[in-house]
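The file target-v1.cif comes next; it holds mmCIF, C-alpha atoms and all ligand atoms.
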```cif
data_work
#
loop_
_atom_site.group_PDB
_atom_site.id
_atom_site.type_symbol
_atom_site.label_atom_id
_atom_site.label_comp_id
_atom_site.auth_asym_id
_atom_site.auth_seq_id
_atom_site.Cartn_x
_atom_site.Cartn_y
_atom_site.Cartn_z
ATOM 1 C CA MET A 1 -48.276 5.611 86.414
ATOM 2 C CA LEU A 2 -50.185 7.255 83.574
ATOM 3 C CA LYS A 3 -51.050 5.090 80.573
ATOM 4 C CA VAL A 4 -49.272 5.868 77.294
ATOM 5 C CA ARG A 5 -52.006 7.025 74.889
ATOM 6 C CA LYS A 6 -50.326 9.525 72.587
ATOM 7 C CA VAL A 7 -47.777 9.406 69.807
ATOM 8 C CA VAL A 8 -45.921 12.285 68.191
ATOM 9 C CA ILE A 9 -44.918 11.580 64.589
ATOM 10 C CA PRO A 10 -42.677 14.262 63.078
ATOM 11 C CA VAL A 11 -43.430 14.424 59.333
ATOM 12 C CA ALA A 12 -41.957 17.839 58.569
ATOM 13 C CA GLY A 13 -38.690 16.594 57.005
ATOM 14 C CA LEU A 14 -37.839 17.623 53.443
ATOM 15 C CA GLY A 15 -36.939 14.103 52.264
ATOM 16 C CA THR A 16 -33.707 15.137 50.546
ATOM 17 C CA ARG A 17 -32.314 11.579 50.622
ATOM 18 C CA VAL A 18 -35.098 10.330 48.330
ATOM 19 C CA LEU A 19 -35.204 13.179 45.811
ATOM 20 C CA PRO A 20 -36.429 13.564 43.122
ATOM 21 C CA ALA A 21 -39.195 11.125 44.221
ATOM 22 C CA SER A 22 -40.118 13.349 47.188
ATOM 23 C CA LYS A 23 -40.105 16.686 45.325
ATOM 24 C CA ALA A 24 -43.889 17.052 44.950
ATOM 25 C CA ILE A 25 -45.154 14.344 47.328
ATOM 26 C CA PRO A 26 -44.197 13.927 50.979
ATOM 27 C CA LYS A 27 -41.662 11.101 51.404
ATOM 28 C CA GLU A 28 -44.035 9.643 54.020
ATOM 29 C CA MET A 29 -46.582 9.109 51.206
ATOM 30 C CA MET A 30 -44.257 6.953 49.087
ATOM 31 C CA PRO A 31 -45.835 3.487 48.815
ATOM 32 C CA VAL A 32 -44.429 0.270 50.182
ATOM 33 C CA VAL A 33 -46.355 -2.330 48.133
ATOM 34 C CA ASP A 34 -49.859 -0.793 48.397
ATOM 35 C CA LYS A 35 -49.767 1.510 51.424
ATOM 36 C CA PRO A 36 -47.862 4.725 52.060
ATOM 37 C CA VAL A 37 -45.022 4.490 54.595
ATOM 38 C CA ILE A 38 -46.943 6.667 57.086
ATOM 39 C CA GLN A 39 -49.825 4.170 57.192
ATOM 40 C CA TYR A 40 -47.514 1.390 58.401
ATOM 41 C CA VAL A 41 -46.264 3.464 61.334
ATOM 42 C CA VAL A 42 -49.752 4.670 62.264
ATOM 43 C CA GLU A 43 -50.960 1.036 62.218
ATOM 44 C CA GLU A 44 -47.964 0.042 64.379
ATOM 45 C CA ALA A 45 -48.921 2.725 66.927
ATOM 46 C CA VAL A 46 -52.600 1.715 66.930
ATOM 47 C CA ALA A 47 -51.639 -1.963 67.382
ATOM 48 C CA ALA A 48 -49.557 -0.902 70.413
ATOM 49 C CA GLY A 49 -52.633 0.713 71.998
ATOM 50 C CA ILE A 50 -52.151 4.382 71.027
ATOM 51 C CA LYS A 51 -55.364 6.440 70.901
ATOM 52 C CA GLU A 52 -54.145 9.889 69.829
ATOM 53 C CA ILE A 53 -51.841 10.507 66.893
ATOM 54 C CA ILE A 54 -50.164 13.908 66.643
ATOM 55 C CA LEU A 55 -48.535 14.669 63.296
ATOM 56 C CA VAL A 56 -45.954 17.468 63.286
ATOM 57 C CA THR A 57 -46.177 18.704 59.741
ATOM 58 C CA ARG A 58 -45.243 21.569 57.423
ATOM 59 C CA THR A 59 -46.339 23.253 54.229
ATOM 60 C CA GLY A 60 -46.606 20.866 51.265
ATOM 61 C CA LYS A 61 -47.442 17.858 53.433
ATOM 62 C CA SER A 62 -51.252 18.005 53.460
ATOM 63 C CA ALA A 63 -51.520 14.733 51.465
ATOM 64 C CA ILE A 64 -50.659 12.970 54.741
ATOM 65 C CA GLU A 65 -53.671 14.464 56.533
ATOM 66 C CA ASP A 66 -55.904 13.773 53.500
ATOM 67 C CA HIS A 67 -54.841 10.120 53.525
ATOM 68 C CA PHE A 68 -56.385 9.613 56.969
ATOM 69 C CA ASP A 69 -59.486 11.688 56.201
ATOM 70 C CA THR A 70 -62.788 10.555 54.651
ATOM 71 C CA HIS A 71 -62.920 10.638 50.825
ATOM 72 C CA TYR A 72 -66.683 10.725 50.198
ATOM 73 C CA GLU A 73 -66.536 10.759 46.397
ATOM 74 C CA LEU A 74 -64.201 7.759 46.212
ATOM 75 C CA GLU A 75 -66.227 5.870 48.820
ATOM 76 C CA ALA A 76 -69.488 6.484 46.912
ATOM 77 C CA GLU A 77 -67.898 5.344 43.663
ATOM 78 C CA LEU A 78 -66.444 2.148 45.172
ATOM 79 C CA ALA A 79 -69.773 1.391 46.896
ATOM 80 C CA ARG A 80 -71.662 1.931 43.615
ATOM 81 C CA LYS A 81 -69.331 -0.541 41.877
ATOM 82 C CA ASN A 82 -69.574 -3.048 44.752
ATOM 83 C CA LYS A 83 -65.815 -2.972 45.346
ATOM 84 C CA THR A 84 -66.239 -3.872 48.999
ATOM 85 C CA ALA A 85 -62.650 -4.931 49.779
ATOM 86 C CA LEU A 86 -61.214 -1.700 48.383
ATOM 87 C CA LEU A 87 -63.895 0.321 50.145
ATOM 88 C CA ALA A 88 -62.964 -1.269 53.476
ATOM 89 C CA ALA A 89 -59.268 -0.617 52.801
ATOM 90 C CA ILE A 90 -59.757 3.139 52.380
ATOM 91 C CA GLN A 91 -62.584 3.599 54.881
ATOM 92 C CA HIS A 92 -61.152 2.456 58.182
ATOM 93 C CA ILE A 93 -57.460 3.210 58.140
ATOM 94 C CA VAL A 94 -57.651 4.109 61.817
ATOM 95 C CA PRO A 95 -60.348 2.765 64.158
ATOM 96 C CA PRO A 96 -63.071 5.206 65.283
ATOM 97 C CA ASP A 97 -61.657 5.474 68.827
ATOM 98 C CA VAL A 98 -58.318 6.782 67.532
ATOM 99 C CA SER A 99 -57.959 10.479 66.675
ATOM 100 C CA ILE A 100 -55.426 12.107 64.376
ATOM 101 C CA VAL A 101 -54.507 15.767 64.776
ATOM 102 C CA SER A 102 -51.759 17.843 63.240
ATOM 103 C CA ILE A 103 -49.672 20.797 64.220
ATOM 104 C CA ARG A 104 -47.105 22.742 62.213
ATOM 105 C CA GLN A 105 -43.371 23.044 62.650
ATOM 106 C CA PRO A 106 -42.805 26.545 61.285
ATOM 107 C CA GLU A 107 -39.018 26.211 60.893
ATOM 108 C CA ALA A 108 -36.760 23.206 60.258
ATOM 109 C CA LYS A 109 -34.757 23.394 63.498
ATOM 110 C CA GLY A 110 -34.221 19.698 64.121
ATOM 111 C CA LEU A 111 -35.975 16.611 65.490
ATOM 112 C CA GLY A 112 -35.991 17.862 69.095
ATOM 113 C CA HIS A 113 -37.677 21.073 67.980
ATOM 114 C CA ALA A 114 -40.227 19.133 65.865
ATOM 115 C CA VAL A 115 -41.216 17.016 68.875
ATOM 116 C CA TYR A 116 -41.412 20.136 71.056
ATOM 117 C CA CYS A 117 -43.938 21.657 68.608
ATOM 118 C CA ALA A 118 -46.432 19.076 70.000
ATOM 119 C CA ALA A 119 -45.861 20.154 73.639
ATOM 120 C CA SER A 120 -49.266 21.835 74.075
ATOM 121 C CA MET A 121 -50.959 18.570 73.038
ATOM 122 C CA ILE A 122 -48.977 16.380 75.412
ATOM 123 C CA ASP A 123 -49.945 18.226 78.576
ATOM 124 C CA ASP A 124 -47.458 16.424 80.806
ATOM 125 C CA GLU A 125 -48.605 12.938 79.752
ATOM 126 C CA PRO A 126 -46.099 10.265 78.736
ATOM 127 C CA PHE A 127 -45.881 9.856 74.978
ATOM 128 C CA VAL A 128 -44.344 7.839 72.177
ATOM 129 C CA VAL A 129 -42.235 9.310 69.378
ATOM 130 C CA ILE A 130 -42.108 7.430 66.084
ATOM 131 C CA LEU A 131 -39.743 8.490 63.306
ATOM 132 C CA PRO A 132 -41.814 7.704 60.225
ATOM 133 C CA ASP A 133 -38.886 6.951 57.892
ATOM 134 C CA VAL A 134 -38.133 3.824 59.855
ATOM 135 C CA LEU A 135 -40.391 0.803 59.456
ATOM 136 C CA VAL A 136 -40.241 -1.868 62.149
ATOM 137 C CA ASN A 137 -41.329 -5.267 60.871
ATOM 138 C CA ASN A 138 -42.196 -7.865 63.508
ATOM 139 C CA GLU A 139 -43.208 -10.542 60.974
ATOM 140 C CA PHE A 140 -40.799 -13.220 62.193
ATOM 141 C CA ASP A 141 -40.927 -12.736 65.950
ATOM 142 C CA LYS A 142 -44.740 -12.288 65.893
ATOM 143 C CA SER A 143 -44.440 -9.567 68.499
ATOM 144 C CA ASN A 144 -44.889 -5.803 68.669
ATOM 145 C CA ASP A 145 -41.711 -4.113 69.852
ATOM 146 C CA LEU A 146 -43.481 -0.826 70.505
ATOM 147 C CA ALA A 147 -46.147 -2.505 72.671
ATOM 148 C CA ARG A 148 -43.367 -4.177 74.691
ATOM 149 C CA MET A 149 -41.623 -0.829 75.193
ATOM 150 C CA ILE A 150 -44.875 0.754 76.396
ATOM 151 C CA SER A 151 -45.470 -2.064 78.850
ATOM 152 C CA GLU A 152 -41.866 -1.736 80.183
ATOM 153 C CA PHE A 153 -42.443 2.006 80.645
ATOM 154 C CA GLU A 154 -45.807 1.537 82.348
ATOM 155 C CA GLY A 155 -44.350 -1.149 84.612
ATOM 156 C CA LYS A 156 -41.085 0.531 85.654
ATOM 157 C CA GLY A 157 -41.540 4.214 84.844
ATOM 158 C CA ALA A 158 -38.241 4.273 82.947
ATOM 159 C CA ALA A 159 -38.183 5.922 79.506
ATOM 160 C CA GLN A 160 -37.577 3.372 76.732
ATOM 161 C CA ILE A 161 -35.433 4.016 73.662
ATOM 162 C CA MET A 162 -35.464 1.387 70.915
ATOM 163 C CA VAL A 163 -31.984 0.338 69.835
ATOM 164 C CA GLY A 164 -30.437 -2.121 67.424
ATOM 165 C CA GLU A 165 -26.829 -3.061 66.762
ATOM 166 C CA VAL A 166 -25.212 -1.444 63.705
ATOM 167 C CA PRO A 167 -21.761 -1.983 62.116
ATOM 168 C CA ASP A 168 -18.872 0.236 63.347
ATOM 169 C CA ASP A 169 -18.774 2.232 60.122
ATOM 170 C CA LYS A 170 -22.449 3.235 60.529
ATOM 171 C CA VAL A 171 -22.423 4.630 64.093
ATOM 172 C CA HIS A 172 -21.927 8.207 62.805
ATOM 173 C CA LEU A 173 -25.428 8.062 61.256
ATOM 174 C CA TYR A 174 -27.309 7.445 64.530
ATOM 175 C CA GLY A 175 -27.851 8.402 68.133
ATOM 176 C CA ILE A 176 -25.699 5.909 70.087
ATOM 177 C CA ALA A 177 -26.422 4.589 73.592
ATOM 178 C CA ASP A 178 -23.817 4.022 76.297
ATOM 179 C CA CYS A 179 -25.059 1.069 78.379
ATOM 180 C CA ASP A 180 -21.815 0.620 80.315
ATOM 181 C CA GLY A 181 -20.703 -2.285 78.130
ATOM 182 C CA ILE A 182 -23.986 -4.195 78.508
ATOM 183 C CA VAL A 183 -25.836 -5.343 75.395
ATOM 184 C CA PRO A 184 -29.481 -6.112 76.250
ATOM 185 C CA GLU A 185 -31.035 -9.355 74.993
ATOM 186 C CA PHE A 186 -33.535 -9.052 72.135
ATOM 187 C CA GLY A 187 -36.821 -7.770 73.549
ATOM 188 C CA GLN A 188 -35.160 -6.674 76.837
ATOM 189 C CA SER A 189 -34.020 -3.335 78.245
ATOM 190 C CA ALA A 190 -30.803 -2.156 79.931
ATOM 191 C CA ALA A 191 -30.047 1.112 81.732
ATOM 192 C CA ILE A 192 -28.492 3.864 79.609
ATOM 193 C CA LYS A 193 -25.619 5.937 81.066
ATOM 194 C CA GLY A 194 -25.402 8.411 78.220
ATOM 195 C CA LEU A 195 -26.628 9.098 74.686
ATOM 196 C CA ILE A 196 -24.650 10.795 71.969
ATOM 197 C CA GLU A 197 -25.922 11.993 68.589
ATOM 198 C CA LYS A 198 -23.968 10.842 65.521
ATOM 199 C CA PRO A 199 -20.565 10.229 67.143
ATOM 200 C CA SER A 200 -17.509 9.438 65.045
ATOM 201 C CA GLN A 201 -16.442 5.778 65.154
ATOM 202 C CA ASP A 202 -13.505 6.467 67.511
ATOM 203 C CA VAL A 203 -15.621 8.063 70.268
ATOM 204 C CA ALA A 204 -18.822 5.971 69.913
ATOM 205 C CA PRO A 205 -19.486 4.264 73.278
ATOM 206 C CA SER A 206 -21.140 1.199 71.638
ATOM 207 C CA ASN A 207 -22.838 -0.093 68.490
ATOM 208 C CA LEU A 208 -26.315 0.315 69.993
ATOM 209 C CA ALA A 209 -28.052 2.718 67.618
ATOM 210 C CA VAL A 210 -31.282 4.573 68.338
ATOM 211 C CA ILE A 211 -33.747 3.198 65.780
ATOM 212 C CA GLY A 212 -36.648 5.664 65.845
ATOM 213 C CA ARG A 213 -39.062 4.582 68.587
ATOM 214 C CA TYR A 214 -39.124 6.308 71.979
ATOM 215 C CA VAL A 215 -41.430 6.099 75.017
ATOM 216 C CA LEU A 216 -40.885 9.265 77.037
ATOM 217 C CA PRO A 217 -42.277 10.970 80.135
ATOM 218 C CA GLY A 218 -44.158 14.299 79.795
ATOM 219 C CA ARG A 219 -41.161 15.975 81.513
ATOM 220 C CA MET A 220 -39.315 15.576 78.199
ATOM 221 C CA MET A 221 -41.124 18.595 76.781
ATOM 222 C CA SER A 222 -39.682 20.999 79.411
ATOM 223 C CA LEU A 223 -36.195 19.698 78.631
ATOM 224 C CA LEU A 224 -36.818 20.229 74.912
ATOM 225 C CA ALA A 225 -38.013 23.771 75.642
ATOM 226 C CA ASP A 226 -34.425 24.489 76.793
ATOM 227 C CA GLY A 227 -32.930 22.638 73.792
ATOM 228 C CA LYS A 228 -29.776 24.175 72.296
ATOM 229 C CA PRO A 229 -28.461 23.369 68.817
ATOM 230 C CA GLY A 230 -26.301 20.229 68.883
ATOM 231 C CA ALA A 231 -24.979 17.926 66.120
ATOM 232 C CA GLY A 232 -25.516 19.476 62.668
ATOM 233 C CA GLY A 233 -26.595 22.775 64.299
ATOM 234 C CA GLU A 234 -30.023 21.234 65.056
ATOM 235 C CA ILE A 235 -31.983 20.896 68.309
ATOM 236 C CA GLN A 236 -31.565 17.162 68.918
ATOM 237 C CA LEU A 237 -34.005 14.848 70.693
ATOM 238 C CA THR A 238 -30.971 12.747 71.675
ATOM 239 C CA ASP A 239 -29.448 15.653 73.654
ATOM 240 C CA ALA A 240 -32.691 16.249 75.589
ATOM 241 C CA ILE A 241 -32.877 12.525 76.463
ATOM 242 C CA ASP A 242 -29.264 12.727 77.628
ATOM 243 C CA ALA A 243 -30.382 15.577 79.929
ATOM 244 C CA LEU A 244 -33.344 13.474 81.164
ATOM 245 C CA LEU A 245 -30.833 10.797 82.181
ATOM 246 C CA THR A 246 -29.417 13.056 84.887
ATOM 247 C CA GLU A 247 -32.889 13.143 86.514
ATOM 248 C CA GLN A 248 -34.432 9.712 85.985
ATOM 249 C CA SER A 249 -33.712 6.305 84.529
ATOM 250 C CA VAL A 250 -33.787 5.788 80.799
ATOM 251 C CA GLU A 251 -33.412 2.343 79.222
ATOM 252 C CA ALA A 252 -32.313 0.988 75.871
ATOM 253 C CA TYR A 253 -34.820 -1.584 74.565
ATOM 254 C CA LYS A 254 -33.227 -3.944 72.019
ATOM 255 C CA MET A 255 -35.658 -4.524 69.181
ATOM 256 C CA MET A 256 -36.642 -8.000 68.004
ATOM 257 C CA GLY A 257 -38.029 -7.023 64.601
ATOM 258 C CA ALA A 258 -36.316 -6.039 61.380
ATOM 259 C CA THR A 259 -35.944 -2.387 60.475
ATOM 260 C CA TYR A 260 -36.030 -0.568 57.128
ATOM 261 C CA ASP A 261 -35.056 3.066 56.650
ATOM 262 C CA CYS A 262 -37.445 4.234 53.923
ATOM 263 C CA GLY A 263 -35.862 7.706 54.026
ATOM 264 C CA GLU A 264 -33.014 6.387 51.864
ATOM 265 C CA LYS A 265 -33.032 4.504 48.572
ATOM 266 C CA LEU A 266 -31.660 1.085 49.536
ATOM 267 C CA GLY A 267 -33.749 0.839 52.710
ATOM 268 C CA TYR A 268 -36.866 1.791 50.738
ATOM 269 C CA LEU A 269 -36.196 -0.914 48.128
ATOM 270 C CA LYS A 270 -35.555 -3.527 50.837
ATOM 271 C CA ALA A 271 -38.830 -2.568 52.550
ATOM 272 C CA ASN A 272 -40.761 -3.081 49.335
ATOM 273 C CA ILE A 273 -39.233 -6.533 48.903
ATOM 274 C CA ALA A 274 -39.742 -7.579 52.542
ATOM 275 C CA TYR A 275 -43.351 -6.368 52.700
ATOM 276 C CA GLY A 276 -44.009 -7.617 49.151
ATOM 277 C CA LEU A 277 -43.043 -11.117 50.345
ATOM 278 C CA GLN A 278 -45.593 -10.768 53.169
ATOM 279 C CA HIS A 279 -48.481 -9.550 51.028
ATOM 280 C CA SER A 280 -50.909 -12.239 49.825
ATOM 281 C CA GLU A 281 -51.321 -10.657 46.367
ATOM 282 C CA THR A 282 -47.610 -10.293 45.635
ATOM 283 C CA ALA A 283 -45.762 -12.899 47.749
ATOM 284 C CA GLY A 284 -45.855 -15.818 45.269
ATOM 285 C CA GLY A 285 -44.924 -13.862 42.139
ATOM 286 C CA LEU A 286 -42.235 -11.832 43.905
ATOM 287 C CA LYS A 287 -40.580 -14.932 45.384
ATOM 288 C CA GLU A 288 -40.392 -16.560 41.933
ATOM 289 C CA PHE A 289 -39.023 -13.358 40.431
ATOM 290 C CA ILE A 290 -36.295 -13.018 43.109
ATOM 291 C CA LYS A 291 -35.266 -16.675 42.690
ATOM 292 C CA ALA A 292 -35.045 -16.345 38.892
ATOM 293 C CA LEU A 293 -33.095 -13.109 39.228
ATOM 294 C CA ALA A 294 -30.651 -14.708 41.690
ATOM 295 C CA ILE A 295 -30.049 -17.646 39.292
ATOM 296 C CA ALA A 296 -29.545 -15.256 36.358
ATOM 297 C CA HIS A 297 -26.907 -13.380 38.380
ATOM 298 C CA GLU A 298 -24.972 -16.475 39.582
HETATM 299 C C1 LIG B 301 -32.543 10.599 63.777
HETATM 300 C C2 LIG B 301 -32.087 10.714 65.233
HETATM 301 C C3 LIG B 301 -31.015 9.658 65.525
HETATM 302 C C4 LIG B 301 -31.568 8.277 65.199
HETATM 303 C C5 LIG B 301 -32.036 8.234 63.727
HETATM 304 C C6 LIG B 301 -32.719 6.905 63.429
HETATM 305 O O1 LIG B 301 -31.490 10.988 62.929
HETATM 306 O O2 LIG B 301 -31.580 12.018 65.467
HETATM 307 O O3 LIG B 301 -30.662 9.725 66.896
HETATM 308 O O4 LIG B 301 -30.568 7.305 65.436
HETATM 309 O O5 LIG B 301 -32.967 9.282 63.460
HETATM 310 O O6 LIG B 301 -33.063 6.825 62.082
HETATM 311 P P1 LIG B 301 -31.721 11.311 61.357
HETATM 312 O O7 LIG B 301 -31.656 9.993 60.651
HETATM 313 O O8 LIG B 301 -33.047 11.985 61.234
HETATM 314 O O9 LIG B 301 -30.580 12.210 60.968
#
```

Would you put the structure from the file into structure tokens?
Ligand code: G1P
Amino acid sequence: MLKVRKVVIPVAGLGTRVLPASKAIPKEMMPVVDKPVIQYVVEEAVAAGIKEIILVTRTGKSAIEDHFDTHYELEAELARKNKTALLAAIQHIVPPDVSIVSIRQPEAKGLGHAVYCAASMIDDEPFVVILPDVLVNNEFDKSNDLARMISEFEGKGAAQIMVGEVPDDKVHLYGIADCDGIVPEFGQSAAIKGLIEKPSQDVAPSNLAVIGRYVLPGRMMSLLADGKPGAGGEIQLTDAIDALLTEQSVEAYKMMGATYDCGEKLGYLKANIAYGLQHSETAGGLKEFIKALAIAHE
């Protein structure tokens, strides 16, 4: 079994759910406390052992590539002023043995199409897909869900799709997994029988929603090459995974961490609070502020 070394991160979305904030800056560059959202997901991938990061991007998104590039002028200035902590923070965002490349998605034809744009860089290797809107925070379980998914894949050869339970009235917003009535334990996987993109509540086979982390075999790219428009008229990753299911086993991995959808306003605010409570510079002051606010609103 080949090792999982690559991640595809589609960053070509227009960010309409967070306008006007995302009009002139990519939504992936919006900060959560002191780092842009994209940095959290890249760090998550690196912590899970990924060595090659493939960004699928579009016009107007070059700030993302710049963020991971060297900024000589800023580095020289920080060095001159002896600001060593800040210098370290901007200098080594990814370790030297990890590479970041980007490729364009020329047309907005859906998530499946965006992932397929990276096909020539995958070259039949297994790969991870991370949806960068979604932050996965493993603060409380002290684990790394993505690393666990990769080790399941490398051990069993079954594709791994991260899922979490959502309320009935939210199933229409997600890809939903049919696990034949089984709900995996936290941190465990169960076989998937079918996957359906954004079903209405009455036909949804379960509450197990696809959260935005996938570990997939290289074969996925050939299935995406044949992708036809599905839900919303877009080429859906979910549909191609449903096709993969007819050939090989695919499993739903139930996440242990908390998840924040930074592609919408409430999720973005919650992420800032959750990560603000974890950050040494802001934790104390933020906790006091939240307590005082809660008392004032009683
Ligand atoms: C995408 C996927 C969906 C998944 C969701 C997670 O949908 O198509 O299967 O459940 O991300 O956030 P989107 O939210 O981009 O419409």

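Using only C-alpha atoms and all ligand atoms, the nearest neighbour of ligand LIG 301 (chain B) within the list A:Lys287, A:Lys23, A:Lys156, A:Arg17 is A:Arg17.
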
Mind listing the residues within 6 Å of ligand LIG 301 (chain B), only C-alpha atoms and all ligand atoms counted, as a ChimeraX atom specification? /A:174-175,197,209-212,238

Test item: the PyMOL selection byres (((chain A and resi 100-117) around 8) and not hetatm) resolved as a PyMOL selection string: chain A and resi 8-10+12-13+52-58+65+68+98-99+118-120+129+221+224-225+227+234-238+240

Quick one, how far is atom CA of Pro199 of chain A from atom CA of Leu135 of chain A? 23.3 Å

Could you pull the residues within 10 Å of segment 26-35 of chain A, counting only C-alpha atoms, minus those fewer than 6 positions along the same chain, as a ChimeraX atom specification? /A:11-19,41,60-64,67,89,132-133,262-264,268-279,281-282
